[in-house]
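Peer 1: Have a peek at target_16.csv (CSV, C-alpha atoms).
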chain,number,residue,atom,x,y,z
D,196,MET,CA,-36.0,1.2,15.1
D,197,SER,CA,-33.9,3.3,17.5
D,198,LYS,CA,-30.1,3.2,17.3
D,199,TYR,CA,-27.8,2.7,20.2
D,200,THR,CA,-25.4,5.6,20.4
D,201,MET,CA,-22.3,6.5,22.4
D,202,LYS,CA,-24.7,7.8,25.1
D,203,GLU,CA,-25.4,4.2,26.2
D,204,ILE,CA,-21.7,3.8,27.0
D,205,PRO,CA,-20.5,5.0,30.4
D,206,LEU,CA,-18.8,8.4,30.1
D,207,GLU,CA,-15.4,7.2,31.1
D,208,GLU,CA,-15.5,4.4,28.6
D,209,ARG,CA,-16.6,6.5,25.6
D,210,PRO,CA,-13.7,6.6,23.0
D,211,ARG,CA,-14.0,10.3,22.3
D,212,GLU,CA,-13.6,11.0,26.0
D,213,ARG,CA,-10.7,8.6,26.3
D,214,CYS,CA,-9.1,10.2,23.2
D,215,LYS,CA,-9.1,13.5,25.0
D,216,GLU,CA,-7.8,11.9,28.2
D,217,VAL,CA,-5.1,9.5,27.0
D,218,GLY,CA,-4.5,10.5,23.3
D,219,ILE,CA,-5.7,8.9,20.1
D,220,GLU,CA,-2.6,6.7,19.8
D,221,ASN,CA,-3.6,4.9,23.0
D,222,LEU,CA,-7.1,3.9,21.9
D,223,THR,CA,-7.8,0.3,21.0
D,224,ASN,CA,-8.9,-0.7,17.5
D,225,LYS,CA,-12.4,-1.2,18.8
D,226,GLU,CA,-12.5,2.3,20.2
D,227,LEU,CA,-11.2,3.8,16.9
D,228,LEU,CA,-13.8,2.0,15.0
D,229,SER,CA,-16.5,3.1,17.4
D,230,ILE,CA,-15.6,6.7,16.7
D,231,LEU,CA,-15.9,6.1,13.0
D,232,LEU,CA,-19.1,4.1,13.2
D,233,LYS,CA,-20.8,6.6,15.6
D,234,THR,CA,-23.9,4.5,16.3
D,235,GLY,CA,-25.0,0.9,16.7
D,236,LEU,CA,-28.4,-0.8,16.5
D,237,LYS,CA,-31.2,-1.7,18.9
D,238,ASN,CA,-29.8,-4.2,21.3
D,239,LYS,CA,-26.3,-3.7,20.0
D,240,ASN,CA,-24.3,-0.6,20.9
D,241,VAL,CA,-21.6,0.9,18.7
D,242,SER,CA,-18.9,-0.7,20.8
D,243,GLU,CA,-20.4,-4.2,20.2
D,244,LEU,CA,-20.8,-3.4,16.5
D,245,SER,CA,-17.1,-2.5,16.3
D,246,LEU,CA,-16.1,-5.7,18.1
D,247,GLU,CA,-18.2,-7.7,15.7
D,248,LEU,CA,-16.5,-6.1,12.7
D,249,LEU,CA,-13.0,-6.9,14.2
D,250,LYS,CA,-14.0,-10.5,14.9
D,251,LYS,CA,-15.1,-11.0,11.3
D,252,TYR,CA,-12.2,-9.1,9.6
D,253,SER,CA,-8.6,-8.8,10.8
D,254,LEU,CA,-6.8,-5.4,10.4
D,255,GLU,CA,-4.9,-6.8,7.4
D,256,GLU,CA,-8.2,-7.8,5.8
D,257,LEU,CA,-9.8,-4.4,6.6
D,258,LYS,CA,-6.9,-2.8,4.6
D,259,ASP,CA,-8.4,-4.3,1.4
D,260,ILE,CA,-12.0,-4.7,2.3
D,261,SER,CA,-14.7,-3.8,-0.2
D,262,LEU,CA,-17.9,-1.8,0.2
D,263,SER,CA,-20.1,-4.9,-0.3
D,264,GLU,CA,-18.1,-6.8,2.3
D,265,LEU,CA,-18.6,-4.1,4.9
D,266,MET,CA,-22.3,-3.9,4.2
D,267,THR,CA,-22.8,-7.6,5.0
D,268,ILE,CA,-22.5,-6.7,8.7
D,269,LYS,CA,-25.9,-5.7,10.1
D,270,GLY,CA,-25.7,-2.1,11.4
D,271,ILE,CA,-23.2,-1.0,8.7
D,272,GLY,CA,-25.1,0.6,5.8
D,273,GLU,CA,-23.8,2.2,2.7
D,274,VAL,CA,-23.0,5.6,4.4
D,275,LYS,CA,-21.1,4.0,7.3
D,276,ALA,CA,-19.3,1.7,4.9
D,277,ILE,CA,-18.2,4.5,2.6
D,278,GLU,CA,-17.0,6.6,5.6
D,279,LEU,CA,-15.0,3.6,6.8
D,280,LEU,CA,-13.5,3.0,3.4
D,281,ALA,CA,-12.6,6.7,3.2
D,282,SER,CA,-10.8,6.5,6.5
D,283,ILE,CA,-8.9,3.4,5.5
D,284,GLU,CA,-7.9,4.9,2.2
D,285,LEU,CA,-6.7,8.1,3.8
D,286,GLY,CA,-4.6,6.0,6.2
D,287,LYS,CA,-3.0,4.2,3.3
D,288,ARG,CA,-2.2,7.5,1.6
D,289,VAL,CA,-0.7,9.0,4.7
D,290,LEU,CA,1.5,5.9,5.0
D,291,LEU,CA,2.6,6.1,1.4
D,292,SER,CA,3.4,9.8,1.5
D,293,LYS,CA,7.0,10.4,2.1
D,294,ASN,CA,9.4,13.3,1.8
D,295,ASN,CA,9.7,13.5,-2.0
D,296,LYS,CA,13.4,14.1,-1.7
D,297,GLU,CA,14.1,11.0,0.3
D,298,LYS,CA,17.5,9.5,-0.5
D,299,LEU,CA,17.3,5.8,-1.3
D,300,ASP,CA,20.8,5.0,-2.6
D,301,ASN,CA,21.0,1.2,-2.3
D,302,PRO,CA,18.7,-1.8,-3.2
D,303,GLY,CA,18.2,-2.8,0.5
D,304,ALA,CA,16.9,0.7,1.4
D,305,ILE,CA,14.6,0.7,-1.6
D,306,TRP,CA,13.3,-2.8,-0.8
D,307,LYS,CA,12.6,-1.8,2.8
D,308,ASP,CA,10.8,1.4,1.7
D,309,SER,CA,8.7,-0.6,-0.8
D,310,GLN,CA,7.2,-2.8,1.9
D,311,LYS,CA,4.6,-0.1,2.5
D,312,ILE,CA,3.3,-0.8,-1.1
D,313,PHE,CA,3.7,-4.6,-1.3
D,314,TYR,CA,2.9,-5.7,2.2
D,315,GLY,CA,0.0,-8.3,2.2
D,316,LYS,CA,-0.5,-8.2,-1.6
D,317,LYS,CA,-1.6,-11.5,-3.0
D,318,GLN,CA,-1.1,-10.6,-6.6
D,319,GLU,CA,2.0,-9.2,-8.4
D,320,LEU,CA,2.4,-5.5,-8.7
D,321,PHE,CA,4.9,-3.8,-10.9
D,322,VAL,CA,6.2,-0.5,-9.4
D,323,CYS,CA,8.7,2.1,-10.5
D,324,TYR,CA,10.7,4.4,-8.3
D,325,TYR,CA,11.8,7.6,-10.1
D,326,PHE,CA,14.9,9.5,-9.0
D,327,ASN,CA,16.7,12.8,-9.8
D,328,THR,CA,20.4,13.2,-10.5
D,329,LYS,CA,21.2,13.1,-6.8
D,330,GLN,CA,19.5,9.7,-6.4
D,331,GLU,CA,16.7,11.4,-4.4
D,332,LEU,CA,13.3,9.9,-4.8
D,333,ILE,CA,10.9,12.1,-6.9
D,334,SER,CA,7.9,9.7,-6.8
D,335,HIS,CA,6.9,6.1,-7.2
D,336,LYS,CA,4.0,4.7,-9.3
D,337,ILE,CA,2.2,1.4,-9.6
D,338,ILE,CA,2.5,0.7,-13.3
D,339,TYR,CA,0.3,-2.4,-13.4
D,340,MET,CA,-1.0,-5.4,-11.6
D,341,GLY,CA,-0.6,-9.0,-12.7
D,342,THR,CA,2.1,-11.4,-14.0
D,343,ILE,CA,5.1,-9.6,-15.4
D,344,ASN,CA,5.7,-9.8,-19.2
D,345,GLN,CA,7.4,-8.0,-22.0
D,346,SER,CA,4.5,-5.9,-22.9
D,347,VAL,CA,5.2,-2.9,-25.1
D,348,THR,CA,2.4,-1.0,-23.3
D,349,HIS,CA,4.0,-1.6,-19.9
D,350,THR,CA,7.4,-0.5,-21.0
D,351,ARG,CA,5.9,2.6,-22.5
D,352,GLU,CA,4.1,3.4,-19.3
D,353,VAL,CA,7.4,3.1,-17.3
D,354,PHE,CA,9.1,5.8,-19.4
D,355,LYS,CA,6.1,8.0,-20.0
D,356,GLU,CA,5.9,8.6,-16.3
D,357,ALA,CA,9.7,9.2,-16.2
D,358,TYR,CA,9.3,12.0,-18.7
D,359,LYS,CA,6.4,13.5,-16.8
D,360,LEU,CA,8.6,13.7,-13.7
D,361,SER,CA,11.8,14.7,-15.4
D,362,ALA,CA,13.4,11.6,-13.8
D,363,SER,CA,17.1,10.9,-14.3
D,364,SER,CA,17.0,7.2,-13.4
D,365,ILE,CA,14.5,4.4,-12.6
D,366,VAL,CA,14.4,1.5,-10.3
D,367,CYS,CA,11.7,-1.1,-11.1
D,368,LEU,CA,10.3,-3.5,-8.6
D,369,HIS,CA,7.7,-6.3,-8.6
D,370,ASN,CA,6.7,-8.7,-5.9
D,371,HIS,CA,6.6,-12.5,-5.8
D,372,PRO,CA,3.7,-13.3,-3.4
D,373,SER,CA,5.2,-16.8,-3.0
D,374,ASN,CA,8.2,-15.2,-1.3
D,375,ASP,CA,10.6,-17.0,-3.7
D,376,VAL,CA,12.6,-14.1,-5.2
D,377,THR,CA,14.4,-16.1,-7.8
D,378,PRO,CA,14.0,-14.3,-11.1
D,379,SER,CA,12.0,-16.2,-13.7
D,380,LYS,CA,12.9,-16.3,-17.4
D,381,GLN,CA,10.2,-13.7,-18.0
D,382,ASP,CA,11.7,-11.5,-15.3
D,383,ILE,CA,15.1,-11.7,-16.9
D,384,THR,CA,13.8,-11.1,-20.4
D,385,PHE,CA,11.6,-8.1,-19.3
D,386,THR,CA,14.5,-6.6,-17.3
D,387,ASN,CA,16.8,-6.7,-20.3
D,388,ALA,CA,14.1,-5.0,-22.4
D,389,LEU,CA,13.7,-2.3,-19.8
D,390,VAL,CA,17.5,-1.7,-19.6
D,391,GLN,CA,17.8,-1.5,-23.3
D,392,THR,CA,14.9,0.9,-23.6
D,393,GLY,CA,16.4,3.0,-20.9
D,394,LYS,CA,19.6,3.3,-22.8
D,395,ILE,CA,17.8,4.4,-25.9
D,396,GLN,CA,15.6,6.9,-24.0
D,397,GLY,CA,18.5,8.3,-22.0
D,398,ILE,CA,16.9,7.4,-18.6
D,399,PRO,CA,18.7,4.4,-17.3
D,400,VAL,CA,16.9,1.6,-15.4
D,401,VAL,CA,19.5,1.1,-12.7
D,402,ASP,CA,17.9,-1.9,-11.0
D,403,HIS,CA,15.0,-4.3,-11.0
D,404,ILE,CA,14.2,-5.6,-7.5
D,405,ILE,CA,12.1,-8.7,-6.9
D,406,VAL,CA,10.3,-8.2,-3.6
D,407,GLY,CA,9.5,-10.9,-1.1
D,408,ASN,CA,8.0,-10.7,2.3
D,409,ASP,CA,11.3,-10.9,4.1
D,410,LYS,CA,13.9,-10.8,1.4
D,411,TYR,CA,14.6,-9.4,-2.1
D,412,TYR,CA,16.6,-10.1,-5.2
D,413,SER,CA,18.4,-7.2,-7.0
D,414,PHE,CA,19.5,-7.5,-10.6
D,415,TYR,CA,22.1,-4.8,-9.9
D,416,GLU,CA,23.6,-6.5,-6.9
D,417,ASP,CA,23.8,-9.7,-8.8
D,418,ASN,CA,25.7,-7.8,-11.6
D,419,GLN,CA,22.9,-8.5,-14.1
D,420,ILE,CA,22.5,-4.8,-14.9
D,421,LYS,CA,25.4,-2.7,-16.1
D,422,ASN,CA,24.7,0.9,-17.3
So, in terms of structure tokens, how does the structure I just supplied come out?
Peer 2:
Amino acid sequence: MSKYTMKEIPLEERPRERCKEVGIENLTNKELLSILLKTGLKNKNVSELSLELLKKYSLEELKDISLSELMTIKGIGEVKAIELLASIELGKRVLLSKNNKEKLDNPGAIWKDSQKIFYGKKQELFVCYYFNTKQELISHKIIYMGTINQSVTHTREVFKEAYKLSASSIVCLHNHPSNDVTPSKQDITFTNALVQTGKIQGIPVVDHIIVGNDKYYSFYEDNQIKN
């Protein structure tokens, strides 16, 4: 079975030609996908295949799509699916990469920065931001996924990473997918445990931020953390 390639698309409409003419940032989502997919099927060119993919999955859904889900679309085999996943993952990593000396010196700024991690997540993530003595961000790390609890292992992971990075302070964050940022009893108990451990370890946990879609709660701003 022969495949329909870019050659079936008029020259002026080919995404690679348009990229050179108008710039990659001006291509449509369909054109970007066409470049990645390269070829279509008999009776379905690559542009039509790209459109079919976009009709089935939104961009937000593509962000977390799996290999098996991509391969349900006729014309996207394992190789194409893996190449698409690699492109999506690279895009995520570019988005997440920031100047590692970025200054985030208040809860609002940290919450805003964390949206790149939490956006669209339907389960809870627990994340730590690690800072140097100048309150400059060294790195951040997803510690675990799932409902927050006072697990010794989780607490250990928080500080193990801090020692690796020679961090001077930590801000912990976790999201409430419901968008209700009111801290639960478990949130409060776990926060107290983290703060006490930080005092013992000499690496203070200066805040715990509960992240919502359009708002946040800061234990520090609510005077619930005092170091």
Peer 1: May I have the residues within 9 Å of Ser261 (chain D) as a ChimeraX atom specification, using only C-alpha atoms and disregarding those fewer than 4 positions away in the same chain?
Peer 2: /D:257,265-266,276,280
Peer 1: Check the smallest atom-to-atom distance from each of D:Ser253, D:Thr392, D:Pro372, D:Cys323 to Glu356 (chain D) using all atoms listed in the file, then report the winner.
Peer 2: D:Cys323
Peer 1: Interatomic distance between CA of Lys225 (chain D) and CA of Arg288 (chain D)?
Peer 2: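 Atom-to-atom, CA of Lys225 (chain D) and CA of Arg288 (chain D) are spaced 21.8 Å apart.
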Peer 1: For Ser363 (chain D), which residue out of D:Lys394, D:Ile338, D:Val376, D:Ala388 is the nearest one, using only C-alpha atoms?
Peer 2: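 Of all the options, D:Lys394 lies closest to Ser363 (chain D).
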Peer 1: Can you tell me, as an NGL selection string, what residues are no more than 7 Å from region 308-321 of chain D when counting only C-alpha atoms, ignoring any on the same chain fewer than 2 positions away?
Peer 2: :D and (291 or 304-306 or 337-342 or 368-372)
Peer 1: Using all atoms listed in the file, which of D:Pro378, D:Val241, D:Asp300, D:Thr328 sits nearest Lys275 (chain D)?
Peer 2: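 Residue with the minimum atom-to-atom distance to Lys275 (chain D): D:Val241.
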Peer 1: Hey, could you patch up region 390-408 of chain D with N, CA and C atoms and hand it over as a compact mmCIF listing (two decimals), in the coordinates of the input?
Peer 2:
# COMPACT_ATOMS: atom_id res chain seq x y z
N VAL D 390 16.12 -2.32 -19.58
CA VAL D 390 17.50 -1.70 -19.60
C VAL D 390 17.82 -1.17 -20.94
N GLN D 391 17.53 -1.94 -21.98
CA GLN D 391 17.80 -1.50 -23.30
C GLN D 391 17.02 -0.27 -23.73
N THR D 392 15.75 -0.27 -23.35
CA THR D 392 14.90 0.90 -23.60
C THR D 392 15.40 2.12 -22.88
N GLY D 393 15.84 1.91 -21.65
CA GLY D 393 16.40 3.00 -20.90
C GLY D 393 17.60 3.64 -21.50
N LYS D 394 18.45 2.80 -22.08
CA LYS D 394 19.60 3.30 -22.80
C LYS D 394 19.24 4.15 -23.99
N ILE D 395 18.25 3.68 -24.71
CA ILE D 395 17.80 4.40 -25.90
C ILE D 395 17.12 5.74 -25.48
N GLN D 396 16.34 5.70 -24.40
CA GLN D 396 15.60 6.90 -24.00
C GLN D 396 16.49 7.87 -23.18
N GLY D 397 17.67 7.42 -22.76
CA GLY D 397 18.50 8.30 -22.00
C GLY D 397 18.12 8.38 -20.51
N ILE D 398 17.29 7.44 -20.06
CA ILE D 398 16.90 7.40 -18.60
C ILE D 398 17.15 5.97 -18.17
N PRO D 399 18.32 5.73 -17.60
CA PRO D 399 18.70 4.40 -17.30
C PRO D 399 17.84 3.69 -16.22
N VAL D 400 17.54 2.41 -16.46
CA VAL D 400 16.90 1.60 -15.40
C VAL D 400 18.11 0.96 -14.66
N VAL D 401 18.33 1.45 -13.45
CA VAL D 401 19.50 1.10 -12.70
C VAL D 401 19.39 -0.20 -11.91
N ASP D 402 18.15 -0.62 -11.70
CA ASP D 402 17.90 -1.90 -11.00
C ASP D 402 16.52 -2.36 -11.19
N HIS D 403 16.36 -3.65 -11.03
CA HIS D 403 15.00 -4.30 -11.00
C HIS D 403 15.09 -5.17 -9.75
N ILE D 404 14.23 -4.89 -8.80
CA ILE D 404 14.20 -5.60 -7.50
C ILE D 404 12.99 -6.48 -7.44
N ILE D 405 13.22 -7.76 -7.14
CA ILE D 405 12.10 -8.70 -6.90
C ILE D 405 11.86 -8.70 -5.39
N VAL D 406 10.65 -8.38 -5.01
CA VAL D 406 10.30 -8.20 -3.60
C VAL D 406 9.65 -9.41 -3.01
N GLY D 407 10.19 -9.86 -1.88
CA GLY D 407 9.50 -10.90 -1.10
C GLY D 407 9.08 -10.35 0.22
N ASN D 408 8.47 -11.19 1.04
CA ASN D 408 8.00 -10.70 2.30
C ASN D 408 9.11 -10.34 3.28
